[in-house]
$ cat work.txt   # compact mmCIF, C-alpha atoms and all ligand atoms
# COMPACT_ATOMS: atom_id res chain seq x y z
CA MET T 1 25.18 -5.63 20.61
CA THR T 2 23.98 -8.57 18.51
CA ALA T 3 23.72 -7.87 14.80
CA ALA T 4 20.24 -7.03 13.56
CA VAL T 5 18.61 -9.64 11.34
CA LEU T 6 15.94 -7.07 10.46
CA SER T 7 16.04 -3.29 10.43
CA LEU T 8 13.74 -0.59 9.09
CA LYS T 9 14.88 3.01 8.73
CA ASP T 10 12.69 5.98 7.71
CA VAL T 11 10.26 3.70 5.89
CA ASN T 12 7.17 5.19 4.28
CA PHE T 13 4.56 3.26 2.39
CA SER T 14 1.02 3.97 1.19
CA TRP T 15 -1.43 1.70 -0.53
CA PRO T 16 -2.49 3.17 -3.91
CA GLY T 17 -5.60 5.34 -4.03
CA ALA T 18 -6.47 8.87 -3.00
CA ASP T 19 -7.31 7.94 0.59
CA GLY T 20 -5.02 4.91 0.78
CA PHE T 21 -3.71 3.75 4.15
CA ALA T 22 -0.23 5.12 4.81
CA LEU T 23 2.37 3.72 7.21
CA GLY T 24 5.58 5.38 8.41
CA VAL T 25 8.24 3.63 10.51
CA ALA T 26 11.23 5.76 11.56
CA GLU T 27 13.18 2.95 13.18
CA PHE T 28 12.58 -0.68 14.07
CA ALA T 29 15.03 -3.56 14.41
CA VAL T 30 15.07 -7.19 15.52
CA ALA T 31 18.35 -8.75 16.69
CA ALA T 32 19.54 -12.18 15.56
CA GLY T 33 17.78 -14.85 17.61
CA GLU T 34 15.48 -12.35 19.35
CA THR T 35 11.74 -13.01 19.87
CA VAL T 36 9.53 -9.94 19.46
CA LEU T 37 5.77 -9.56 19.76
CA LEU T 38 4.31 -6.65 17.79
CA LEU T 39 0.91 -5.68 19.16
CA GLY T 40 -1.62 -3.56 17.31
CA GLU T 41 -5.35 -3.15 16.76
CA SER T 42 -6.96 -4.61 13.68
CA GLY T 43 -6.32 -2.23 10.77
CA SER T 44 -3.22 -0.67 12.34
CA GLY T 45 -1.00 -1.92 9.49
CA LYS T 46 0.59 -5.05 11.00
CA SER T 47 0.13 -7.21 7.90
CA THR T 48 1.22 -4.30 5.69
CA LEU T 49 4.42 -4.05 7.75
CA LEU T 50 5.07 -7.80 7.34
CA SER T 51 4.58 -7.43 3.57
CA LEU T 52 7.21 -4.66 3.57
CA ILE T 53 9.61 -6.90 5.52
CA CYS T 54 9.01 -9.77 3.07
CA GLY T 55 9.48 -7.45 0.11
CA THR T 56 6.12 -8.43 -1.37
CA VAL T 57 5.49 -4.66 -1.34
CA LEU T 58 8.25 -2.07 -1.54
CA PRO T 59 8.53 1.13 0.50
CA ASP T 60 7.98 4.51 -1.20
CA ARG T 61 10.94 5.76 0.84
CA GLY T 62 13.42 4.35 3.32
CA GLN T 63 15.23 1.08 3.88
CA VAL T 64 14.15 -2.41 4.87
CA ARG T 65 17.20 -4.58 5.55
CA VAL T 66 16.99 -8.32 6.15
CA ALA T 67 20.16 -10.26 6.97
CA GLY T 68 22.22 -7.29 5.82
CA ALA T 69 20.59 -6.72 2.42
CA ASP T 70 18.37 -3.82 1.37
CA ILE T 71 15.32 -5.62 -0.01
CA ALA T 72 14.41 -2.83 -2.47
CA SER T 73 17.85 -2.98 -4.09
CA LEU T 74 17.18 -6.54 -5.36
CA SER T 75 15.49 -7.22 -8.70
CA GLY T 76 12.10 -8.97 -8.58
CA SER T 77 13.33 -12.54 -9.05
CA ALA T 78 16.38 -12.01 -6.83
CA ARG T 79 14.02 -10.66 -4.16
CA ASP T 80 11.80 -13.76 -4.41
CA ARG T 81 14.84 -16.01 -3.97
CA PHE T 82 16.20 -13.85 -1.15
CA ARG T 83 12.86 -14.04 0.69
CA ALA T 84 12.75 -17.81 0.32
CA GLU T 85 16.34 -18.08 1.63
CA GLN T 86 16.09 -15.74 4.58
CA ILE T 87 12.49 -15.62 5.80
CA GLY T 88 10.09 -18.28 7.03
CA VAL T 89 6.52 -17.00 7.05
CA ILE T 90 3.52 -18.34 8.96
CA PHE T 91 0.41 -16.70 7.54
CA GLN T 92 -2.79 -16.17 9.48
CA GLN T 93 -4.68 -18.60 7.22
CA PHE T 94 -1.53 -20.76 6.80
CA ASN T 95 -1.73 -20.47 2.95
CA LEU T 96 -1.01 -24.16 2.38
CA LEU T 97 -1.42 -25.63 -1.12
CA PRO T 98 -4.67 -27.51 -0.49
CA PHE T 99 -4.00 -30.30 -2.99
CA GLY T 100 -0.34 -30.66 -2.05
CA SER T 101 0.68 -33.26 0.51
CA VAL T 102 2.10 -32.37 3.90
CA ILE T 103 5.61 -33.08 2.58
CA ASP T 104 5.03 -31.06 -0.63
CA ASN T 105 3.94 -28.08 1.43
CA ILE T 106 6.87 -28.26 3.82
CA LEU T 107 9.42 -28.56 1.00
CA LEU T 108 7.94 -25.72 -1.04
CA PRO T 109 10.23 -22.85 0.10
CA LEU T 110 13.34 -24.95 -0.63
CA ARG T 111 12.42 -25.01 -4.31
CA PHE T 112 13.38 -21.35 -4.66
CA ALA T 113 16.23 -21.30 -2.15
CA PRO T 114 19.31 -23.41 -2.94
CA LYS T 115 21.24 -22.45 0.22
CA ARG T 116 18.28 -23.16 2.43
CA ARG T 117 17.84 -26.47 0.62
CA GLN T 118 21.48 -27.27 1.37
CA ARG T 119 20.99 -26.45 5.05
CA ALA T 120 17.95 -28.74 5.11
CA GLY T 121 20.23 -31.67 4.17
CA ALA T 122 18.23 -34.72 3.09
CA ALA T 123 15.14 -32.58 2.75
CA VAL T 124 12.43 -35.25 2.88
CA GLU T 125 14.00 -36.78 5.99
CA THR T 126 14.34 -33.34 7.57
CA ALA T 127 10.68 -32.62 6.81
CA ARG T 128 9.68 -35.94 8.39
CA ALA T 129 11.76 -35.17 11.47
CA LEU T 130 10.12 -31.74 11.79
CA CYS T 131 6.71 -33.39 11.54
CA ALA T 132 7.67 -35.80 14.32
CA ASP T 133 8.98 -32.93 16.50
CA LEU T 134 5.76 -31.04 15.88
CA GLY T 135 3.59 -34.00 16.81
CA LEU T 136 2.25 -34.71 13.32
CA PRO T 137 1.74 -38.46 12.90
CA SER T 138 3.99 -40.00 10.23
CA SER T 139 0.87 -41.56 8.69
CA LEU T 140 -0.12 -38.04 7.59
CA VAL T 141 2.98 -36.96 5.68
CA HIS T 142 1.43 -37.90 2.34
CA ALA T 143 -2.07 -36.68 3.22
CA LYS T 144 -3.43 -33.69 1.31
CA ALA T 145 -3.22 -30.46 3.29
CA SER T 146 -6.95 -29.87 2.74
CA SER T 147 -7.77 -33.10 4.61
CA LEU T 148 -6.03 -31.97 7.83
CA SER T 149 -7.55 -30.40 10.92
CA VAL T 150 -6.78 -26.74 11.64
CA GLY T 151 -4.27 -27.74 14.34
CA GLN T 152 -2.50 -30.10 11.95
CA GLN T 153 -2.42 -27.45 9.18
CA GLN T 154 -0.87 -25.08 11.67
CA ARG T 155 1.92 -27.56 12.38
CA VAL T 156 2.58 -27.92 8.67
CA ALA T 157 2.76 -24.12 8.36
CA VAL T 158 5.33 -24.02 11.19
CA ALA T 159 7.41 -26.82 9.64
CA ARG T 160 7.35 -25.02 6.28
CA ALA T 161 8.56 -21.79 7.90
CA LEU T 162 11.36 -23.54 9.82
CA ILE T 163 12.79 -26.01 7.33
CA GLY T 164 16.31 -25.09 6.25
CA GLN T 165 16.66 -22.69 9.20
CA PRO T 166 15.95 -19.23 7.80
CA PRO T 167 17.32 -16.60 10.21
CA LEU T 168 14.00 -14.73 10.43
CA ILE T 169 10.56 -16.20 11.15
CA LEU T 170 7.50 -13.97 10.66
CA ALA T 171 4.13 -15.01 12.06
CA ASP T 172 0.93 -13.09 11.27
CA GLU T 173 -1.61 -13.65 14.06
CA PRO T 174 -1.14 -17.42 13.88
CA THR T 175 -3.03 -18.07 17.12
CA SER T 176 -6.13 -15.98 16.49
CA ALA T 177 -8.33 -18.95 15.52
CA LEU T 178 -7.33 -21.08 18.52
CA ASP T 179 -8.75 -21.55 22.02
CA ALA T 180 -6.49 -20.76 25.00
CA ASN T 181 -5.19 -24.34 25.42
CA SER T 182 -4.31 -24.83 21.77
CA GLN T 183 -2.75 -21.37 21.73
CA ALA T 184 -0.40 -22.27 24.56
CA ALA T 185 0.54 -25.58 22.92
CA PHE T 186 1.14 -23.88 19.59
CA LEU T 187 3.39 -21.22 21.15
CA ASP T 188 5.38 -23.85 23.08
CA LEU T 189 6.03 -25.59 19.84
CA LEU T 190 6.91 -22.47 17.88
CA PHE T 191 9.30 -21.19 20.56
CA ARG T 192 10.99 -24.55 21.00
CA GLN T 193 11.54 -24.92 17.27
CA THR T 194 12.60 -21.30 16.73
CA ALA T 195 15.16 -21.57 19.54
CA ALA T 196 16.44 -24.89 18.17
CA CYS T 197 17.37 -23.26 14.86
CA GLU T 198 18.46 -19.96 16.49
CA ALA T 199 16.04 -17.97 14.35
CA ALA T 200 14.62 -14.59 15.29
CA LEU T 201 10.83 -14.55 15.63
CA LEU T 202 8.63 -11.55 14.88
CA MET T 203 5.00 -12.30 15.64
CA VAL T 204 2.22 -9.78 15.14
CA SER T 205 -0.99 -9.98 17.11
CA HIS T 206 -3.79 -7.94 18.64
CA ASP T 207 -3.69 -10.13 21.76
CA PRO T 208 -1.61 -8.72 24.66
CA ARG T 209 -1.98 -11.98 26.64
CA LEU T 210 0.80 -13.49 24.53
CA ALA T 211 3.34 -10.95 25.79
CA GLU T 212 5.13 -12.79 28.60
CA ARG T 213 6.75 -15.38 26.36
CA PHE T 214 8.68 -12.91 24.22
CA ASP T 215 12.06 -11.23 24.76
CA ARG T 216 10.44 -7.91 23.84
CA VAL T 217 6.99 -6.48 23.22
CA VAL T 218 6.49 -3.53 20.88
CA ARG T 219 3.27 -1.68 20.15
CA MET T 220 2.45 -0.52 16.63
CA GLU T 221 1.74 2.99 17.92
CA ASP T 222 5.27 3.18 19.37
CA ILE T 223 7.01 2.43 16.07
CA ALA T 224 4.54 3.45 13.39
CA VAL T 225 2.64 6.55 12.32
CA ILE T 226 -0.44 5.72 10.30
CA ALA T 227 -2.74 7.86 8.18
CA GLY T 228 -5.54 7.44 5.65
CA ALA T 229 -8.26 4.82 5.64
CA VAL T 230 -8.17 2.77 8.82
CA VAL T 231 -10.66 -0.09 8.98
P1 LIG Y 301 -3.71 -5.25 10.30
O1 LIG Y 301 -2.94 -6.41 9.80
O2 LIG Y 301 -3.08 -4.55 11.45
O3 LIG Y 301 -5.14 -5.59 10.59
P2 LIG Y 301 -3.50 -4.30 7.57
O4 LIG Y 301 -2.07 -4.04 7.28
O5 LIG Y 301 -4.10 -5.55 7.03
O6 LIG Y 301 -3.75 -4.14 9.14
O7 LIG Y 301 -4.36 -3.11 6.98
C1 LIG Y 301 -4.06 -1.75 7.23
C2 LIG Y 301 -4.79 -0.89 6.23
O8 LIG Y 301 -4.24 -1.12 4.92
C3 LIG Y 301 -6.28 -1.16 6.13
O9 LIG Y 301 -6.94 0.09 6.04
C4 LIG Y 301 -6.42 -1.94 4.85
O10 LIG Y 301 -7.66 -1.66 4.22
C5 LIG Y 301 -5.28 -1.40 4.01
N1 LIG Y 301 -4.84 -2.45 3.07
C6 LIG Y 301 -4.34 -3.67 3.41
N2 LIG Y 301 -4.01 -4.37 2.31
C7 LIG Y 301 -4.32 -3.58 1.25
C8 LIG Y 301 -4.23 -3.74 -0.19
N3 LIG Y 301 -3.75 -4.86 -0.74
N4 LIG Y 301 -4.65 -2.69 -0.96
C9 LIG Y 301 -5.12 -1.55 -0.42
N5 LIG Y 301 -5.24 -1.34 0.91
C10 LIG Y 301 -4.86 -2.34 1.74
MG MG Y 302 -3.40 -8.42 9.58
$ encode --input "work.txt" --output "structure tokens" --more "lines below"
Ligand code: ADP
Ligand code: MG
Amino acid sequence: MTAAVLSLKDVNFSWPGADGFALGVAEFAVAAGETVLLLGESGSGKSTLLSLICGTVLPDRGQVRVAGADIASLSGSARDRFRAEQIGVIFQQFNLLPFGSVIDNILLPLRFAPKRRQRAGAAVETARALCADLGLPSSLVHAKASSLSVGQQQRVAVARALIGQPPLILADEPTSALDANSQAAFLDLLFRQTAACEAALLMVSHDPRLAERFDRVVRMEDIAVIAGAVV
């Protein structure tokens, strides 16, 4: 069996507060290079689970391992560097720096990740090449992110997640704002690029129509027990 790039074991987490939302995951793993779609209703804890995988929140119990390391065992700054090295994240709202240029935004994760920077080679050239592969006109590479269309911002978010080839790409409902045609084009692009750098892809969504493209489809209710306030 291929080594797991991500594994969760007996993880429990609850948001603070008397009736805080609580999430339990007994076992969940993603193999190196595998593409997995995680389906769940709104409020079922998908984004919370991605935060646990990123180590932006830590489990109350249990283990989250990424690329062999237990995220909770790292100190805060080591965890930030580790995340930047190992994980490319595409957020639902893209989270670009609005006043940064396209290039600034794409290079951002490399700032905190020396090995990833090394893998990116001549980083500005690599960023330009990614833009070209993603169909972003070269005339835009110095444009401010806030001046781009939604589709263009999405491409920048993908390039930022992929640069320097992190072994794990996480995507949080990145297609929810798109019509069916743009969704298909976006997924083509994401799959092509993810395969090219042999990264594993974990995408969360509430949309079962995306299922056929992935190696595996998992439902939140099959891996997670939730309790407390559910929106
Ligand atoms: P999904 O992404 O599946 O829609 P979320 O993980 O965003 O679900 O939310 C699951 C539950 O966790 C919700 O009840 C939400 O209110 C709660 N929650 C999410 N983020 C926070 C937070 N920062 N503080 C407290 N509760 C939160
Ligand atoms: Mg969410």
$ atom_distance --input "work.txt" --atom1 "atom O6 of ligand LIG 301 (chain Y)" --atom2 "CA of Ser14 (chain T)"
12.3 Å
$ residues_near_ligand --input "work.txt" --ligand "ligand LIG 301 (chain Y)" --cutoff "9 Å" --atoms "only C-alpha atoms and all ligand atoms" --output "PyMOL selection string"
chain T and resi 14-17+20-23+39-51+172-173+204-206+220+226+228-231
$ closest_residue --input "work.txt" --among "T:Leu148, T:Val11, T:Leu38, T:Ala72" --to "ligand MG 302 (chain Y)" --atoms "all atoms listed in the file"
T:Leu38
$ atom_distance --input "work.txt" --atom1 "CA of Ser138 (chain T)" --atom2 "CA of Gly100 (chain T)"
16.0 Å
$ closest_residue --input "work.txt" --among "T:Ala3, T:Ala224, T:Ala180, T:Ala157" --to "Asp207 (chain T)" --atoms "all atoms listed in the file"
T:Ala180
$ closest_residue --input "work.txt" --among "T:Ala145, T:Gln93, T:Leu107, T:Gln153" --to "ligand MG 302 (chain Y)" --atoms "only C-alpha atoms and all ligand atoms"
T:Gln93
$ residues_around --input "work.txt" --residues "Ile71 (chain T)" --least-positions-apart "6" --cutoff "10 Å" --atoms "only C-alpha atoms" --output "list in words"
Leu52, Ile53, Cys54, Gly55, Thr56, Val57, Leu58, Pro59, Gln63, Val64, Arg65, Ala78, Arg79, Asp80, Phe82 and Arg83 of chain T
$ closest_residue --input "work.txt" --among "T:Ala84, T:Val158, T:Ala171, T:Phe28" --to "ligand MG 302 (chain Y)" --atoms "all atoms listed in the file"
T:Ala171
$ atom_distance --input "work.txt" --atom1 "CA of Asp70 (chain T)" --atom2 "CA of Ile169 (chain T)"
17.6 Å
$ decode --input "work.txt" --residues "region 120-141 of chain T" --atoms "N, CA and C atoms" --output "PDB file, in the first residue's frame"
ATOM      1  N   ALA T 120      10.925  25.043  -5.826  1.00  0.00           N
ATOM      2  CA  ALA T 120      10.341  25.939  -6.830  1.00  0.00           C
ATOM      3  C   ALA T 120      11.401  26.466  -7.796  1.00  0.00           C
ATOM      4  N   GLY T 121      12.698  26.270  -7.478  1.00  0.00           N
ATOM      5  CA  GLY T 121      13.761  26.705  -8.382  1.00  0.00           C
ATOM      6  C   GLY T 121      13.802  28.214  -8.489  1.00  0.00           C
ATOM      7  N   ALA T 122      13.914  28.725  -9.723  1.00  0.00           N
ATOM      8  CA  ALA T 122      13.860  30.174  -9.926  1.00  0.00           C
ATOM      9  C   ALA T 122      12.395  30.566  -9.750  1.00  0.00           C
ATOM     10  N   ALA T 123      12.072  31.037  -8.526  1.00  0.00           N
ATOM     11  CA  ALA T 123      10.672  31.085  -8.112  1.00  0.00           C
ATOM     12  C   ALA T 123       9.806  31.978  -8.998  1.00  0.00           C
ATOM     13  N   VAL T 124      10.338  33.148  -9.387  1.00  0.00           N
ATOM     14  CA  VAL T 124       9.517  34.052 -10.190  1.00  0.00           C
ATOM     15  C   VAL T 124       9.212  33.419 -11.546  1.00  0.00           C
ATOM     16  N   GLU T 125      10.226  32.760 -12.122  1.00  0.00           N
ATOM     17  CA  GLU T 125      10.008  32.073 -13.407  1.00  0.00           C
ATOM     18  C   GLU T 125       9.003  30.936 -13.253  1.00  0.00           C
ATOM     19  N   THR T 126       9.130  30.192 -12.158  1.00  0.00           N
ATOM     20  CA  THR T 126       8.195  29.093 -11.905  1.00  0.00           C
ATOM     21  C   THR T 126       6.767  29.629 -11.758  1.00  0.00           C
ATOM     22  N   ALA T 127       6.643  30.751 -11.048  1.00  0.00           N
ATOM     23  CA  ALA T 127       5.310  31.350 -10.868  1.00  0.00           C
ATOM     24  C   ALA T 127       4.743  31.789 -12.218  1.00  0.00           C
ATOM     25  N   ARG T 128       5.591  32.367 -13.047  1.00  0.00           N
ATOM     26  CA  ARG T 128       5.138  32.782 -14.391  1.00  0.00           C
ATOM     27  C   ARG T 128       4.695  31.581 -15.225  1.00  0.00           C
ATOM     28  N   ALA T 129       5.482  30.490 -15.110  1.00  0.00           N
ATOM     29  CA  ALA T 129       5.138  29.285 -15.879  1.00  0.00           C
ATOM     30  C   ALA T 129       3.805  28.707 -15.402  1.00  0.00           C
ATOM     31  N   LEU T 130       3.584  28.720 -14.071  1.00  0.00           N
ATOM     32  CA  LEU T 130       2.307  28.238 -13.546  1.00  0.00           C
ATOM     33  C   LEU T 130       1.159  29.096 -14.074  1.00  0.00           C
ATOM     34  N   CYS T 131       1.377  30.415 -14.082  1.00  0.00           N
ATOM     35  CA  CYS T 131       0.340  31.314 -14.610  1.00  0.00           C
ATOM     36  C   CYS T 131       0.016  30.949 -16.054  1.00  0.00           C
ATOM     37  N   ALA T 132       1.068  30.702 -16.846  1.00  0.00           N
ATOM     38  CA  ALA T 132       0.845  30.364 -18.255  1.00  0.00           C
ATOM     39  C   ALA T 132       0.065  29.053 -18.361  1.00  0.00           C
ATOM     40  N   ASP T 133       0.473  28.038 -17.562  1.00  0.00           N
ATOM     41  CA  ASP T 133      -0.225  26.749 -17.582  1.00  0.00           C
ATOM     42  C   ASP T 133      -1.690  26.898 -17.180  1.00  0.00           C
ATOM     43  N   LEU T 134      -1.932  27.854 -16.288  1.00  0.00           N
ATOM     44  CA  LEU T 134      -3.286  28.031 -15.767  1.00  0.00           C
ATOM     45  C   LEU T 134      -4.102  29.009 -16.606  1.00  0.00           C
ATOM     46  N   GLY T 135      -3.502  29.485 -17.698  1.00  0.00           N
ATOM     47  CA  GLY T 135      -4.254  30.360 -18.595  1.00  0.00           C
ATOM     48  C   GLY T 135      -4.412  31.777 -18.080  1.00  0.00           C
ATOM     49  N   LEU T 136      -3.477  32.218 -17.231  1.00  0.00           N
ATOM     50  CA  LEU T 136      -3.499  33.622 -16.792  1.00  0.00           C
ATOM     51  C   LEU T 136      -2.569  34.417 -17.700  1.00  0.00           C
ATOM     52  N   PRO T 137      -3.061  35.436 -18.367  1.00  0.00           N
ATOM     53  CA  PRO T 137      -2.218  36.180 -19.299  1.00  0.00           C
ATOM     54  C   PRO T 137      -0.995  36.780 -18.601  1.00  0.00           C
ATOM     55  N   SER T 138       0.164  36.756 -19.279  1.00  0.00           N
ATOM     56  CA  SER T 138       1.392  37.254 -18.651  1.00  0.00           C
ATOM     57  C   SER T 138       1.282  38.752 -18.358  1.00  0.00           C
ATOM     58  N   SER T 139       0.385  39.443 -19.061  1.00  0.00           N
ATOM     59  CA  SER T 139       0.199  40.875 -18.788  1.00  0.00           C
ATOM     60  C   SER T 139      -0.367  41.113 -17.389  1.00  0.00           C
ATOM     61  N   LEU T 140      -0.881  40.056 -16.757  1.00  0.00           N
ATOM     62  CA  LEU T 140      -1.522  40.241 -15.443  1.00  0.00           C
ATOM     63  C   LEU T 140      -0.610  39.948 -14.259  1.00  0.00           C
ATOM     64  N   VAL T 141       0.608  39.440 -14.498  1.00  0.00           N
ATOM     65  CA  VAL T 141       1.378  38.946 -13.351  1.00  0.00           C
ATOM     66  C   VAL T 141       1.726  40.034 -12.341  1.00  0.00           C
TER      67      VAL T 141
END
